[in-house]
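structure-v1.cif follows; it contains mmCIF, C-alpha atoms and all ligand atoms.
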data_target
loop_
_atom_site.label_atom_id
_atom_site.label_comp_id
_atom_site.auth_asym_id
_atom_site.auth_seq_id
_atom_site.Cartn_x
_atom_site.Cartn_y
_atom_site.Cartn_z
CA MET A 1 -128.10 105.92 -64.15
CA LYS A 2 -131.60 104.51 -64.67
CA ARG A 3 -133.85 104.96 -61.64
CA VAL A 4 -136.08 101.91 -61.25
CA ALA A 5 -139.34 101.54 -59.34
CA LEU A 6 -140.03 97.86 -58.66
CA LEU A 7 -143.65 97.07 -57.91
CA GLY A 8 -144.24 93.60 -56.51
CA ALA A 9 -140.67 93.36 -55.19
CA THR A 10 -141.38 90.32 -52.98
CA GLY A 11 -142.81 88.17 -55.76
CA SER A 12 -141.21 85.73 -58.17
CA ILE A 13 -140.49 88.38 -60.81
CA GLY A 14 -139.70 90.97 -58.13
CA ARG A 15 -136.98 88.91 -56.49
CA GLN A 16 -135.33 88.11 -59.82
CA ALA A 17 -135.50 91.80 -60.75
CA LEU A 18 -133.73 92.70 -57.49
CA GLU A 19 -130.91 90.38 -58.50
CA ILE A 20 -130.63 92.02 -61.93
CA VAL A 21 -130.69 95.56 -60.49
CA ALA A 22 -128.08 94.70 -57.84
CA ALA A 23 -125.72 93.28 -60.45
CA HIS A 24 -125.96 96.26 -62.82
CA PRO A 25 -124.12 99.48 -61.95
CA GLY A 26 -126.35 101.45 -64.35
CA LEU A 27 -129.54 100.57 -62.49
CA GLU A 28 -130.60 102.17 -59.21
CA LEU A 29 -133.55 100.96 -57.16
CA VAL A 30 -135.41 104.09 -56.06
CA ALA A 31 -138.73 102.55 -55.06
CA ALA A 32 -140.13 99.16 -54.12
CA SER A 33 -143.53 97.89 -53.12
CA SER A 34 -145.17 94.72 -51.89
CA GLY A 35 -148.74 93.67 -51.34
CA SER A 36 -148.43 92.79 -47.65
CA GLN A 37 -144.90 91.64 -46.72
CA PRO A 38 -142.60 94.15 -44.98
CA ILE A 39 -139.89 95.66 -47.21
CA ASP A 40 -138.45 98.43 -45.03
CA GLY A 41 -135.09 99.66 -46.23
CA LEU A 42 -135.16 97.84 -49.56
CA ALA A 43 -135.18 101.17 -51.43
CA PRO A 44 -135.29 104.91 -50.59
CA HIS A 45 -139.06 104.87 -51.17
CA THR A 46 -141.06 101.82 -50.13
CA GLN A 47 -144.72 101.03 -49.75
CA VAL A 48 -146.69 98.04 -48.51
CA GLY A 49 -150.14 97.81 -50.07
CA GLY A 50 -152.15 100.94 -50.77
CA ASP A 51 -152.26 103.11 -53.87
CA LEU A 52 -149.04 102.46 -55.79
CA THR A 53 -149.34 105.68 -57.77
CA GLU A 54 -148.54 107.55 -54.52
CA LEU A 55 -145.23 105.70 -54.32
CA LEU A 56 -144.51 106.46 -57.98
CA GLU A 57 -145.32 110.15 -57.46
CA ARG A 58 -142.85 110.31 -54.57
CA ALA A 59 -140.10 108.41 -56.38
CA GLN A 60 -140.43 109.84 -59.93
CA PRO A 61 -138.62 106.85 -61.49
CA ASP A 62 -137.26 106.57 -65.03
CA VAL A 63 -138.58 103.02 -65.34
CA VAL A 64 -141.51 101.31 -63.65
CA LEU A 65 -141.17 97.54 -63.48
CA ASN A 66 -144.71 96.42 -62.83
CA ALA A 67 -144.52 92.93 -61.31
CA VAL A 68 -147.73 93.14 -59.30
CA VAL A 69 -150.11 90.24 -59.87
CA GLY A 70 -153.59 90.86 -61.27
CA PHE A 71 -155.84 93.84 -61.94
CA ALA A 72 -154.30 95.56 -58.88
CA GLY A 73 -151.41 96.50 -61.19
CA LEU A 74 -153.59 98.67 -63.41
CA PRO A 75 -153.15 102.12 -61.78
CA ALA A 76 -149.36 101.78 -61.95
CA THR A 77 -149.48 100.73 -65.60
CA LEU A 78 -151.60 103.75 -66.46
CA TRP A 79 -149.49 106.05 -64.27
CA ALA A 80 -146.41 105.23 -66.34
CA LEU A 81 -148.11 105.31 -69.74
CA GLU A 82 -149.88 108.59 -68.99
CA ARG A 83 -146.56 110.25 -68.16
CA GLY A 84 -144.44 108.81 -70.92
CA VAL A 85 -142.37 106.98 -68.27
CA THR A 86 -140.84 103.72 -69.50
CA LEU A 87 -142.95 100.77 -68.44
CA ALA A 88 -141.37 97.34 -68.10
CA LEU A 89 -144.50 95.24 -67.90
CA ALA A 90 -144.74 91.80 -66.31
CA ASN A 91 -148.29 92.49 -65.10
CA LYS A 92 -150.05 91.31 -68.29
CA GLU A 93 -153.45 91.47 -66.56
CA SER A 94 -153.43 95.28 -66.57
CA LEU A 95 -152.81 95.43 -70.32
CA VAL A 96 -155.47 92.82 -71.01
CA ALA A 97 -157.98 94.75 -68.91
CA ALA A 98 -157.13 98.26 -70.06
CA GLY A 99 -156.41 97.42 -73.72
CA GLU A 100 -157.27 100.45 -75.85
CA LEU A 101 -157.12 102.85 -72.87
CA ALA A 102 -153.53 101.84 -72.16
CA LEU A 103 -152.54 102.04 -75.80
CA ALA A 104 -154.14 105.45 -76.21
CA ALA A 105 -152.06 106.74 -73.29
CA ARG A 106 -148.90 105.29 -74.79
CA GLU A 107 -149.76 106.86 -78.15
CA ARG A 108 -150.38 110.27 -76.55
CA GLU A 109 -147.28 110.38 -74.37
CA GLY A 110 -144.91 108.31 -76.49
CA GLY A 111 -143.43 106.32 -73.60
CA LEU A 112 -141.78 102.95 -74.05
CA LEU A 113 -143.76 99.84 -73.22
CA LEU A 114 -141.29 97.00 -72.83
CA PRO A 115 -142.80 93.58 -72.20
CA VAL A 116 -141.21 91.43 -69.49
CA ASP A 117 -143.35 88.35 -70.05
CA SER A 118 -140.94 85.94 -71.77
CA GLU A 119 -143.11 85.29 -74.84
CA HIS A 120 -143.78 88.97 -75.39
CA SER A 121 -140.17 89.95 -74.82
CA ALA A 122 -139.18 87.33 -77.39
CA ALA A 123 -141.80 88.55 -79.86
CA PHE A 124 -140.77 92.16 -79.28
CA GLN A 125 -137.18 91.29 -80.18
CA CYS A 126 -138.17 89.31 -83.30
CA LEU A 127 -140.50 92.09 -84.46
CA GLU A 128 -138.40 95.13 -83.65
CA GLY A 129 -137.54 97.15 -86.75
CA ARG A 130 -139.68 95.02 -89.11
CA GLN A 131 -142.20 96.50 -91.50
CA PRO A 132 -145.70 95.41 -90.36
CA GLU A 133 -146.67 94.30 -93.88
CA THR A 134 -143.80 91.77 -93.89
CA VAL A 135 -145.15 89.98 -90.78
CA ARG A 136 -147.45 87.06 -91.47
CA SER A 137 -148.11 85.88 -87.92
CA LEU A 138 -146.81 85.56 -84.39
CA VAL A 139 -146.53 82.25 -82.56
CA LEU A 140 -146.53 82.28 -78.76
CA THR A 141 -145.38 79.12 -77.05
CA ALA A 142 -146.97 77.45 -74.04
CA SER A 143 -145.37 74.71 -71.96
CA GLY A 144 -148.79 73.11 -71.65
CA GLY A 145 -148.49 73.08 -67.86
CA PRO A 146 -148.65 70.08 -65.55
CA PHE A 147 -151.77 68.61 -67.18
CA ARG A 148 -150.64 68.52 -70.79
CA GLY A 149 -151.80 65.34 -72.52
CA ARG A 150 -154.67 64.71 -70.12
CA VAL A 151 -158.31 64.67 -71.14
CA ARG A 152 -161.11 66.51 -69.37
CA ALA A 153 -162.30 63.55 -67.31
CA GLU A 154 -158.81 63.18 -65.85
CA LEU A 155 -158.87 66.75 -64.54
CA GLU A 156 -162.05 66.48 -62.49
CA HIS A 157 -160.32 65.79 -59.19
CA VAL A 158 -156.88 67.38 -59.56
CA THR A 159 -155.63 69.07 -56.41
CA VAL A 160 -154.19 72.54 -55.87
CA GLN A 161 -150.81 70.99 -55.24
CA GLU A 162 -150.86 69.09 -58.55
CA ALA A 163 -151.89 72.25 -60.40
CA LEU A 164 -149.05 74.20 -58.75
CA ALA A 165 -146.39 71.74 -59.97
CA HIS A 166 -145.36 73.51 -63.16
CA PRO A 167 -142.92 71.53 -65.32
CA THR A 168 -140.64 74.33 -66.54
CA TRP A 169 -141.20 77.66 -64.73
CA ARG A 170 -141.11 78.59 -61.02
CA MET A 171 -143.63 81.38 -60.60
CA GLY A 172 -146.19 82.89 -58.24
CA PRO A 173 -149.34 80.83 -57.51
CA LYS A 174 -151.81 82.77 -59.67
CA ILE A 175 -149.83 82.57 -62.91
CA THR A 176 -148.95 78.94 -62.16
CA ILE A 177 -152.65 78.03 -62.05
CA ASP A 178 -153.18 80.14 -65.18
CA SER A 179 -150.49 78.04 -66.88
CA ALA A 180 -152.29 74.84 -65.87
CA THR A 181 -155.62 76.02 -67.35
CA LEU A 182 -153.92 77.82 -70.29
CA ALA A 183 -155.58 81.06 -69.15
CA ASN A 184 -152.04 82.40 -68.99
CA GLN A 185 -151.66 81.85 -72.72
CA GLY A 186 -155.14 83.33 -73.19
CA LEU A 187 -154.02 86.47 -71.37
CA GLU A 188 -150.79 86.47 -73.40
CA LEU A 189 -152.76 86.19 -76.64
CA ILE A 190 -154.83 89.25 -75.76
CA ALA A 191 -151.82 91.18 -74.50
CA ALA A 192 -149.91 90.36 -77.71
CA HIS A 193 -152.79 91.70 -79.79
CA PHE A 194 -152.48 95.03 -77.97
CA LEU A 195 -148.68 95.14 -77.69
CA PHE A 196 -147.96 94.42 -81.34
CA SER A 197 -151.17 95.68 -83.05
CA LEU A 198 -151.79 92.23 -84.52
CA ALA A 199 -155.27 90.97 -85.41
CA TYR A 200 -156.23 87.91 -83.38
CA GLU A 201 -156.13 85.59 -86.37
CA ARG A 202 -152.44 86.48 -86.72
CA VAL A 203 -151.53 85.32 -83.23
CA GLU A 204 -151.27 81.61 -82.64
CA VAL A 205 -150.54 79.66 -79.46
CA VAL A 206 -148.59 76.43 -79.81
CA VAL A 207 -147.66 73.98 -77.07
CA HIS A 208 -143.91 73.51 -76.69
CA PRO A 209 -143.18 71.40 -73.59
CA THR A 210 -139.59 72.45 -72.84
CA SER A 211 -140.14 76.23 -73.05
CA THR A 212 -136.96 76.67 -75.09
CA VAL A 213 -138.47 78.68 -77.94
CA HIS A 214 -140.31 81.61 -76.37
CA ALA A 215 -141.89 83.06 -79.48
CA LEU A 216 -141.54 82.89 -83.23
CA VAL A 217 -142.50 85.32 -85.98
CA TRP A 218 -143.39 84.18 -89.48
CA PHE A 219 -142.66 86.58 -92.31
CA ARG A 220 -144.34 86.77 -95.71
CA ASP A 221 -141.38 85.15 -97.49
CA GLY A 222 -141.79 81.94 -95.49
CA ALA A 223 -138.93 82.68 -93.09
CA ALA A 224 -139.34 82.56 -89.33
CA LEU A 225 -137.34 84.26 -86.60
CA ALA A 226 -137.45 82.58 -83.21
CA HIS A 227 -136.15 83.50 -79.77
CA LEU A 228 -134.52 80.66 -77.82
CA GLY A 229 -133.08 80.27 -74.37
CA TYR A 230 -133.47 78.46 -71.07
CA PRO A 231 -136.71 79.30 -69.30
CA ASP A 232 -135.25 81.95 -67.00
CA MET A 233 -137.08 85.22 -66.38
CA ARG A 234 -133.86 87.05 -65.60
CA VAL A 235 -133.26 87.29 -69.36
CA PRO A 236 -136.42 89.26 -70.26
CA ILE A 237 -136.20 91.26 -67.01
CA SER A 238 -132.64 92.26 -67.82
CA TYR A 239 -133.54 93.01 -71.43
CA ALA A 240 -136.37 95.35 -70.41
CA LEU A 241 -134.41 97.11 -67.65
CA THR A 242 -131.30 97.69 -69.75
CA TYR A 243 -133.05 98.31 -73.10
CA PRO A 244 -131.72 99.13 -75.62
CA GLU A 245 -128.22 98.15 -74.56
CA ARG A 246 -128.91 94.44 -73.78
CA SER A 247 -126.52 94.06 -70.87
CA ALA A 248 -124.89 90.81 -69.83
CA SER A 249 -127.01 88.60 -67.57
CA PRO A 250 -126.01 85.63 -65.38
CA VAL A 251 -127.87 83.20 -67.64
CA GLU A 252 -125.89 80.67 -69.67
CA PRO A 253 -126.60 80.09 -73.37
CA LEU A 254 -128.36 76.88 -74.37
CA ASP A 255 -126.28 73.73 -74.49
CA LEU A 256 -126.91 72.83 -78.14
CA ALA A 257 -124.27 70.12 -78.42
CA GLY A 258 -125.76 68.45 -75.33
CA GLY A 259 -128.72 67.49 -77.50
CA LEU A 260 -131.60 69.83 -78.12
CA THR A 261 -134.89 68.68 -79.60
CA LEU A 262 -137.74 71.05 -80.25
CA GLU A 263 -141.26 69.64 -80.05
CA PHE A 264 -144.46 71.47 -80.82
CA GLU A 265 -148.10 70.44 -80.73
CA ALA A 266 -151.51 72.06 -81.04
CA PRO A 267 -153.21 73.00 -77.76
CA ASP A 268 -156.17 70.82 -76.74
CA LEU A 269 -158.93 73.42 -76.67
CA ASP A 270 -161.60 71.01 -75.39
CA THR A 271 -159.62 70.10 -72.30
CA PHE A 272 -158.33 73.65 -71.80
CA PRO A 273 -161.22 75.94 -72.81
CA MET A 274 -159.63 79.04 -71.22
CA LEU A 275 -157.57 79.59 -74.35
CA ALA A 276 -160.56 79.58 -76.70
CA LEU A 277 -162.52 81.76 -74.27
CA ALA A 278 -159.72 84.32 -74.33
CA ARG A 279 -159.67 84.42 -78.10
CA GLU A 280 -163.43 84.88 -78.16
CA ALA A 281 -163.29 87.64 -75.51
CA GLY A 282 -160.50 89.36 -77.41
CA GLU A 283 -162.35 89.24 -80.71
CA ARG A 284 -165.53 90.57 -79.15
CA GLY A 285 -163.47 93.45 -77.77
CA GLY A 286 -164.91 96.17 -75.53
CA THR A 287 -164.56 95.17 -71.89
CA TYR A 288 -164.83 91.43 -72.61
CA PRO A 289 -161.06 90.98 -72.10
CA CYS A 290 -161.36 92.89 -68.81
CA ALA A 291 -164.24 90.62 -67.77
CA TYR A 292 -162.30 87.50 -68.80
CA ASN A 293 -159.43 88.56 -66.58
CA ALA A 294 -161.65 89.56 -63.64
CA ALA A 295 -163.69 86.35 -63.67
CA ASN A 296 -160.48 84.33 -63.97
CA GLU A 297 -158.96 86.09 -60.94
CA ILE A 298 -162.05 85.25 -58.86
CA ALA A 299 -162.14 81.64 -60.06
CA VAL A 300 -158.41 81.06 -59.54
CA ALA A 301 -158.55 82.50 -56.02
CA ALA A 302 -161.47 80.17 -55.25
CA PHE A 303 -159.60 77.18 -56.67
CA LEU A 304 -156.51 78.01 -54.59
CA GLU A 305 -158.74 78.12 -51.50
CA GLU A 306 -160.28 74.78 -52.48
CA ARG A 307 -163.71 76.32 -52.95
CA LEU A 308 -163.88 75.44 -56.66
CA PRO A 309 -162.74 72.38 -58.61
CA PHE A 310 -160.13 72.82 -61.34
CA LEU A 311 -162.61 72.43 -64.21
CA GLY A 312 -164.88 74.95 -62.48
CA ILE A 313 -162.44 77.76 -63.33
CA ALA A 314 -163.33 77.73 -67.02
CA ASP A 315 -167.02 77.13 -66.26
CA VAL A 316 -167.18 80.21 -64.05
CA VAL A 317 -165.34 82.35 -66.59
CA GLU A 318 -167.47 81.19 -69.50
CA ARG A 319 -170.71 81.86 -67.66
CA ALA A 320 -169.51 85.20 -66.28
CA LEU A 321 -168.62 86.29 -69.81
CA GLY A 322 -172.13 85.34 -70.88
CA SER A 323 -173.68 87.56 -68.25
CA VAL A 324 -171.77 90.85 -68.74
CA ASP A 325 -172.51 93.38 -71.47
CA GLY A 326 -168.89 93.92 -72.53
CA ALA A 327 -169.56 97.54 -73.46
CA PRO A 328 -166.35 99.49 -74.16
CA ALA A 329 -164.97 101.61 -71.30
CA GLY A 330 -164.45 105.29 -72.08
CA ASP A 331 -162.31 105.94 -69.03
CA LEU A 332 -160.71 104.30 -66.00
CA ASP A 333 -163.90 104.59 -63.91
CA GLU A 334 -165.90 102.65 -66.48
CA LEU A 335 -163.17 100.05 -66.68
CA VAL A 336 -163.11 99.60 -62.91
CA GLU A 337 -166.88 99.22 -63.06
CA ALA A 338 -166.64 96.54 -65.78
CA ASP A 339 -164.04 94.71 -63.71
CA ALA A 340 -166.28 94.87 -60.63
CA ASP A 341 -169.33 93.66 -62.60
CA ALA A 342 -167.45 90.62 -63.86
CA ARG A 343 -166.12 89.88 -60.37
CA ARG A 344 -169.66 90.02 -58.99
CA ALA A 345 -170.95 87.76 -61.75
CA ALA A 346 -168.14 85.26 -61.19
CA GLY A 347 -168.58 85.41 -57.42
CA SER A 348 -172.26 84.54 -57.60
CA LEU A 349 -171.52 81.70 -60.03
CA LEU A 350 -168.97 80.09 -57.70
CA LYS A 351 -171.61 78.34 -55.64
CA ALA A 352 -173.61 77.22 -58.66
CA VAL A 353 -170.55 75.59 -60.25
CA ALA A 354 -169.00 74.13 -57.08
P1 LIG B 1 -146.10 86.71 -57.20
O1 LIG B 1 -147.40 86.29 -56.61
O2 LIG B 1 -144.91 85.89 -56.95
O3 LIG B 1 -145.77 88.21 -56.73
C1 LIG B 1 -146.73 89.24 -56.81
C2 LIG B 1 -146.20 90.51 -56.18
O4 LIG B 1 -147.26 91.49 -56.21
C3 LIG B 1 -145.80 90.36 -54.71
O5 LIG B 1 -144.73 91.23 -54.42
C4 LIG B 1 -147.05 90.82 -53.96
O6 LIG B 1 -146.77 91.31 -52.66
C5 LIG B 1 -147.54 91.93 -54.86
N1 LIG B 1 -148.99 92.14 -54.78
C6 LIG B 1 -149.95 91.18 -54.80
N2 LIG B 1 -151.17 91.75 -54.70
C7 LIG B 1 -150.99 93.10 -54.65
C8 LIG B 1 -151.86 94.20 -54.56
N3 LIG B 1 -153.18 94.05 -54.47
N4 LIG B 1 -151.31 95.44 -54.53
C9 LIG B 1 -149.97 95.61 -54.60
N5 LIG B 1 -149.10 94.58 -54.69
C10 LIG B 1 -149.59 93.35 -54.72
O7 LIG B 1 -146.38 86.85 -58.76
P2 LIG B 1 -145.32 86.71 -59.96
O8 LIG B 1 -145.26 85.31 -60.40
O9 LIG B 1 -144.06 87.44 -59.64
O10 LIG B 1 -146.10 87.48 -61.12
C11 LIG B 1 -146.19 88.90 -61.15
C12 LIG B 1 -146.72 89.33 -62.50
O11 LIG B 1 -145.78 88.95 -63.51
C13 LIG B 1 -148.04 88.65 -62.90
O12 LIG B 1 -148.81 89.54 -63.65
C14 LIG B 1 -147.60 87.50 -63.78
O13 LIG B 1 -148.57 87.13 -64.72
C15 LIG B 1 -146.39 88.12 -64.48
N6 LIG B 1 -145.41 87.13 -64.96
C16 LIG B 1 -144.75 86.35 -64.06
C17 LIG B 1 -143.83 85.41 -64.51
C18 LIG B 1 -143.03 84.57 -63.55
O14 LIG B 1 -142.13 83.85 -63.97
N7 LIG B 1 -143.30 84.62 -62.25
C19 LIG B 1 -143.60 85.26 -65.89
C20 LIG B 1 -144.31 86.08 -66.78
C21 LIG B 1 -145.21 87.01 -66.29
MG MG B 2 -145.32 84.06 -70.33
#
Just dump the structure as C-alpha cells.
Amino acid sequence: MKRVALLGATGSIGRQALEIVAAHPGLELVAASSGSQPIDGLAPHTQVGGDLTELLERAQPDVVLNAVVGFAGLPATLWALERGVTLALANKESLVAAGELALAAREREGGLLLPVDSEHSAAFQCLEGRQPETVRSLVLTASGGPFRGRVRAELEHVTVQEALAHPTWRMGPKITIDSATLANQGLELIAAHFLFSLAYERVEVVVHPTSTVHALVWFRDGAALAHLGYPDMRVPISYALTYPERSASPVEPLDLAGGLTLEFEAPDLDTFPMLALAREAGERGGTYPCAYNAANEIAVAAFLEERLPFLGIADVVERALGSVDGAPAGDLDELVEADADARRAAGSLLKAVA
C-alpha cells in the first residue's frame, strides 16, 4: 500500500489524482489539502491553507503529490526532497524557483522525483535508463495556446476569457494563462534543465497544436523516441503514483486508424517573448529563474483581475528581471527573499505598464 498525500486536492490536477487514487487498490489517500475550499473528510489528515509541511509531518506519507499552484508549493517540495520521500511533482514553479537547492536535497537524500507535468513525464520515460552521452537533445511540445498564429498587434486587446480558452487542455486559470503567453513552456524548459541535468541549448520547445506528442528525445545516432497519447493528465498522474509498475488507467489509446497527423512548428518568440525570457533567465542562473517565476505570478494575477493587458505580462516580467540582482540563494531564506524582491519589483511595475 502506497500512502499518498495530495496537495492541491481541489484543483484540476488534484481532482484527477483523486480519481486515480480511488480506482487503484494499491494507493491510499492519507492526506489532502486545499488553498481555501473546505475538504473535511476527504482524507484522514486534511488541511485548508496554512503551512503544508505541518500536514505532511502529521501524515508521514510515502508519496507527496504536489499539485499546488505557484511558489506556495515550495515548502512541500523541499519537505519531500529533504526526507527522501517520493515526490510526484506537478508544481513546476517550485522546481523552477528552487533549482539547485531542490536538486541538492534530492542528491543528499536519494528520494525519487517523478514529474507529473505531461511533457516532463514523457521525457522522463524516454530518457529512463539511457546513457547521458547518447542523448543529443530533448524536445518539449507546446500546444501554442489560444493565440497561436497571431501577431503581437492582434494580442493588444485580448480578454481574460479569450486567454482562458485553451484549445487542448482543461486546467487551472494560472497555468492556462501561462499556456497562452508560453510562460508555461518557459517554466517547463527551466524545470527540464533541472530534472534531467540537460544544458539549456539541449532543450528545445516546439509548437505542436494537437498535444499528441508530449516530448521527444533525440539520440546521437539520429534516432528519436517520442511519447504519444491523448492530452489527458490522468496518464502522467497515474504513471507517477504507481511508478515503477505503470498501472492501467482509464485512458484509451490513440485512434491511429481514425487518421492521425502530426504537425510541428517553431514558436514565434517575438509574439510570445515569455519563452525567450525564460531561456535567458535559466542561462543566467542564480535566482533569475526564481525571479522569472515570481514576476510572472504577479503579472498573471493582475491580468486575471483585469489590471494588466495581456501583452503587459511579458513587459512586467522582462523589466522585473532587469531590476533584480539574480544572486544565487544559499538557503531557503535567501530564496524566499529573492522571490519577494521580484514580486515587489513586478508589483511596482504594474502601474507603469498598465
Ligand atoms: P488549480 O488552480 O486548478 O489548483 C490549484 C490547487 O492548489 C487548488 O487545490 C488550490 O486550492 C491549491 N492552492 C492554491 N493556492 C494555494 C496556496 N497558497 N497554498 C496551498 N494550496 C493552494 O491548478 P492546476 O491546474 O491543478 O495546477 C496545479 C499545478 O500543476 C500547477 O503548478 C500547474 O502548473 C501544474 N500542472 C497542471 C496541469 C493541468 O493540467 N492542470 C498540467 C501540468 C502541470
Ligand atoms: Mg505541461
Taking a cut-off of 6 Å and counting all atoms listed in the file, can you build a table that, for each residue of chain A near ligand LIG 1 (chain B), reports the nearest atom pair and how far apart they are in Å (one decimal), sorted by chain then residue number, as JSON lines?
{"residue": "A:Gly8", "atom": "CA", "partner": "B:LIG1", "partner_atom": "O5", "distance": 3.2}
{"residue": "A:Ala9", "atom": "CA", "partner": "B:LIG1", "partner_atom": "O5", "distance": 4.6}
{"residue": "A:Thr10", "atom": "CA", "partner": "B:LIG1", "partner_atom": "O5", "distance": 3.8}
{"residue": "A:Gly11", "atom": "CA", "partner": "B:LIG1", "partner_atom": "O3", "distance": 3.1}
{"residue": "A:Ser12", "atom": "CA", "partner": "B:LIG1", "partner_atom": "O9", "distance": 3.6}
{"residue": "A:Ile13", "atom": "CA", "partner": "B:LIG1", "partner_atom": "O9", "distance": 3.9}
{"residue": "A:Gly14", "atom": "CA", "partner": "B:LIG1", "partner_atom": "O9", "distance": 5.8}
{"residue": "A:Ser34", "atom": "CA", "partner": "B:LIG1", "partner_atom": "O6", "distance": 3.8}
{"residue": "A:Gly35", "atom": "CA", "partner": "B:LIG1", "partner_atom": "O6", "distance": 3.3}
{"residue": "A:Ser36", "atom": "CA", "partner": "B:LIG1", "partner_atom": "O6", "distance": 5.5}
{"residue": "A:Gly49", "atom": "CA", "partner": "B:LIG1", "partner_atom": "C9", "distance": 5.0}
{"residue": "A:Ala67", "atom": "CA", "partner": "B:LIG1", "partner_atom": "C11", "distance": 4.4}
{"residue": "A:Val68", "atom": "CA", "partner": "B:LIG1", "partner_atom": "O4", "distance": 3.5}
{"residue": "A:Val69", "atom": "CA", "partner": "B:LIG1", "partner_atom": "C13", "distance": 4.0}
{"residue": "A:Gly70", "atom": "CA", "partner": "B:LIG1", "partner_atom": "O12", "distance": 5.5}
{"residue": "A:Ala72", "atom": "CA", "partner": "B:LIG1", "partner_atom": "N3", "distance": 4.8}
{"residue": "A:Ala90", "atom": "CA", "partner": "B:LIG1", "partner_atom": "O11", "distance": 4.1}
{"residue": "A:Asn91", "atom": "CA", "partner": "B:LIG1", "partner_atom": "O12", "distance": 3.3}
{"residue": "A:Lys92", "atom": "CA", "partner": "B:LIG1", "partner_atom": "O12", "distance": 5.1}
{"residue": "A:Glu93", "atom": "CA", "partner": "B:LIG1", "partner_atom": "O12", "distance": 5.8}
{"residue": "A:Asp117", "atom": "CA", "partner": "B:LIG1", "partner_atom": "C20", "distance": 4.1}
{"residue": "A:Met171", "atom": "CA", "partner": "B:LIG1", "partner_atom": "N7", "distance": 3.7}
{"residue": "A:Gly172", "atom": "CA", "partner": "B:LIG1", "partner_atom": "O8", "distance": 3.4}
{"residue": "A:Pro173", "atom": "CA", "partner": "B:LIG1", "partner_atom": "O1", "distance": 5.9}
{"residue": "A:Ile175", "atom": "CA", "partner": "B:LIG1", "partner_atom": "O13", "distance": 5.1}
{"residue": "A:Met233", "atom": "CA", "partner": "B:LIG1", "partner_atom": "O14", "distance": 5.8}
Would you tabulate, counting only C-alpha atoms, all residues of region 172-270 of chain A that have an atom at most 10 Å from an atom of region 290-293 of chain A, showing the closest pair of atoms and their distance in Å to one decimal, sorted by chain then ascending number, as a Markdown table?
| residue | atom | partner | partner_atom | distance |
| --- | --- | --- | --- | --- |
| A:Ala183 | CA | A:Asn293 | CA | 8.8 |
| A:Asn184 | CA | A:Asn293 | CA | 9.9 |
| A:Gly186 | CA | A:Tyr292 | CA | 9.4 |
| A:Leu187 | CA | A:Asn293 | CA | 7.5 |
One-decimal distance in Å that lies between CA of Glu297 (chain A) and CA of Ser348 (chain A): 13.8 Å
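Nearest to ligand MG 2 (chain B) of all the residues A:Pro25, A:Pro38, A:Pro167, A:Pro236 is A:Pro236, based on only C-alpha atoms and all ligand atoms.
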Point-to-point distance from CA of Tyr239 (chain A) to CA of Pro44 (chain A), Å rounded to tenths: 24.1 Å
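When all atoms listed in the file are used to measure the gap to ligand MG 2 (chain B), the shortest distance among A:Thr271, A:Ser238, A:Ser249, A:Ser143 belongs to A:Ser143.
The contact shell of ligand MG 2 (chain B), defined as all polymer residues within 8 Å when only C-alpha atoms and all ligand atoms are used, comprises A:Asp117, A:Ser118, A:Glu119, A:His120, A:Ala142, A:Asn184, A:Gln185, A:Glu188.
Using only C-alpha atoms for every distance, the candidate list A:Ala97, A:Val160, A:Val116, A:Leu195 yields A:Ala97 as the residue closest to Ala340 (chain A).
Nearest residue to Gln125 (chain A), choosing from A:Pro244, A:Pro209, A:Gly144, A:Gly50 and counting all atoms listed in the file: A:Pro244.
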Distance query 8 Å from (-143.1, 85.7, -88.1) using all atoms listed in the file, result as an NGL selection string: :A and (126-127 or 135-139 or 216-220 or 223-225)
For the selection just defined, write its residues with C-alpha atoms to a file, as a tab-separated table (two decimals), keeping the file's coordinate frame.
chain	number	residue	atom	x	y	z
A	126	CYS	CA	-138.17	89.31	-83.30
A	127	LEU	CA	-140.50	92.09	-84.46
A	135	VAL	CA	-145.15	89.98	-90.78
A	136	ARG	CA	-147.45	87.06	-91.47
A	137	SER	CA	-148.11	85.88	-87.92
A	138	LEU	CA	-146.81	85.56	-84.39
A	139	VAL	CA	-146.53	82.25	-82.56
A	216	LEU	CA	-141.54	82.89	-83.23
A	217	VAL	CA	-142.50	85.32	-85.98
A	218	TRP	CA	-143.39	84.18	-89.48
A	219	PHE	CA	-142.66	86.58	-92.31
A	220	ARG	CA	-144.34	86.77	-95.71
A	223	ALA	CA	-138.93	82.68	-93.09
A	224	ALA	CA	-139.34	82.56	-89.33
A	225	LEU	CA	-137.34	84.26	-86.60
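Across the model, the gap from CA of Glu107 (chain A) to CA of Phe194 (chain A) is 12.1 Å.
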Residues within 9 Å of Leu87 (chain A), only C-alpha atoms, excluding chain neighbours under 3 positions, as a PyMOL selection string: chain A and resi 62-66+77+80-81+84+111-115+240
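Residue nearest Ser197 (chain A) within the list A:Glu156, A:Ser121, A:Pro231, A:Glu100: A:Glu100 [criterion: smallest interatomic distance, all atoms listed in the file].
Closest approach to Gln16 (chain A) among A:Glu128, A:Asp232, A:Glu201, A:Glu57: A:Asp232, based on only C-alpha atoms.
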Protein/DNA/RNA residues near (-157.7, 102.5, -71.8), cut 10 Å, all atoms listed in the file, as a JSON list (two decimals) with C-alpha atoms, in the frame of the given file:
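Output file result.json follows:
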[["chain", "number", "residue", "atom", "x", "y", "z"],
["A", 78, "LEU", "CA", -151.60, 103.75, -66.46],
["A", 94, "SER", "CA", -153.43, 95.28, -66.57],
["A", 95, "LEU", "CA", -152.81, 95.43, -70.32],
["A", 96, "VAL", "CA", -155.47, 92.82, -71.01],
["A", 97, "ALA", "CA", -157.98, 94.75, -68.91],
["A", 98, "ALA", "CA", -157.13, 98.26, -70.06],
["A", 99, "GLY", "CA", -156.41, 97.42, -73.72],
["A", 100, "GLU", "CA", -157.27, 100.45, -75.85],
["A", 101, "LEU", "CA", -157.12, 102.85, -72.87],
["A", 102, "ALA", "CA", -153.53, 101.84, -72.16],
["A", 103, "LEU", "CA", -152.54, 102.04, -75.80],
["A", 104, "ALA", "CA", -154.14, 105.45, -76.21],
["A", 105, "ALA", "CA", -152.06, 106.74, -73.29],
["A", 106, "ARG", "CA", -148.90, 105.29, -74.79],
["A", 328, "PRO", "CA", -166.35, 99.49, -74.16],
["A", 329, "ALA", "CA", -164.97, 101.61, -71.30],
["A", 330, "GLY", "CA", -164.45, 105.29, -72.08],
["A", 331, "ASP", "CA", -162.31, 105.94, -69.03],
["A", 332, "LEU", "CA", -160.71, 104.30, -66.00],
["A", 334, "GLU", "CA", -165.90, 102.65, -66.48],
["A", 335, "LEU", "CA", -163.17, 100.05, -66.68]]
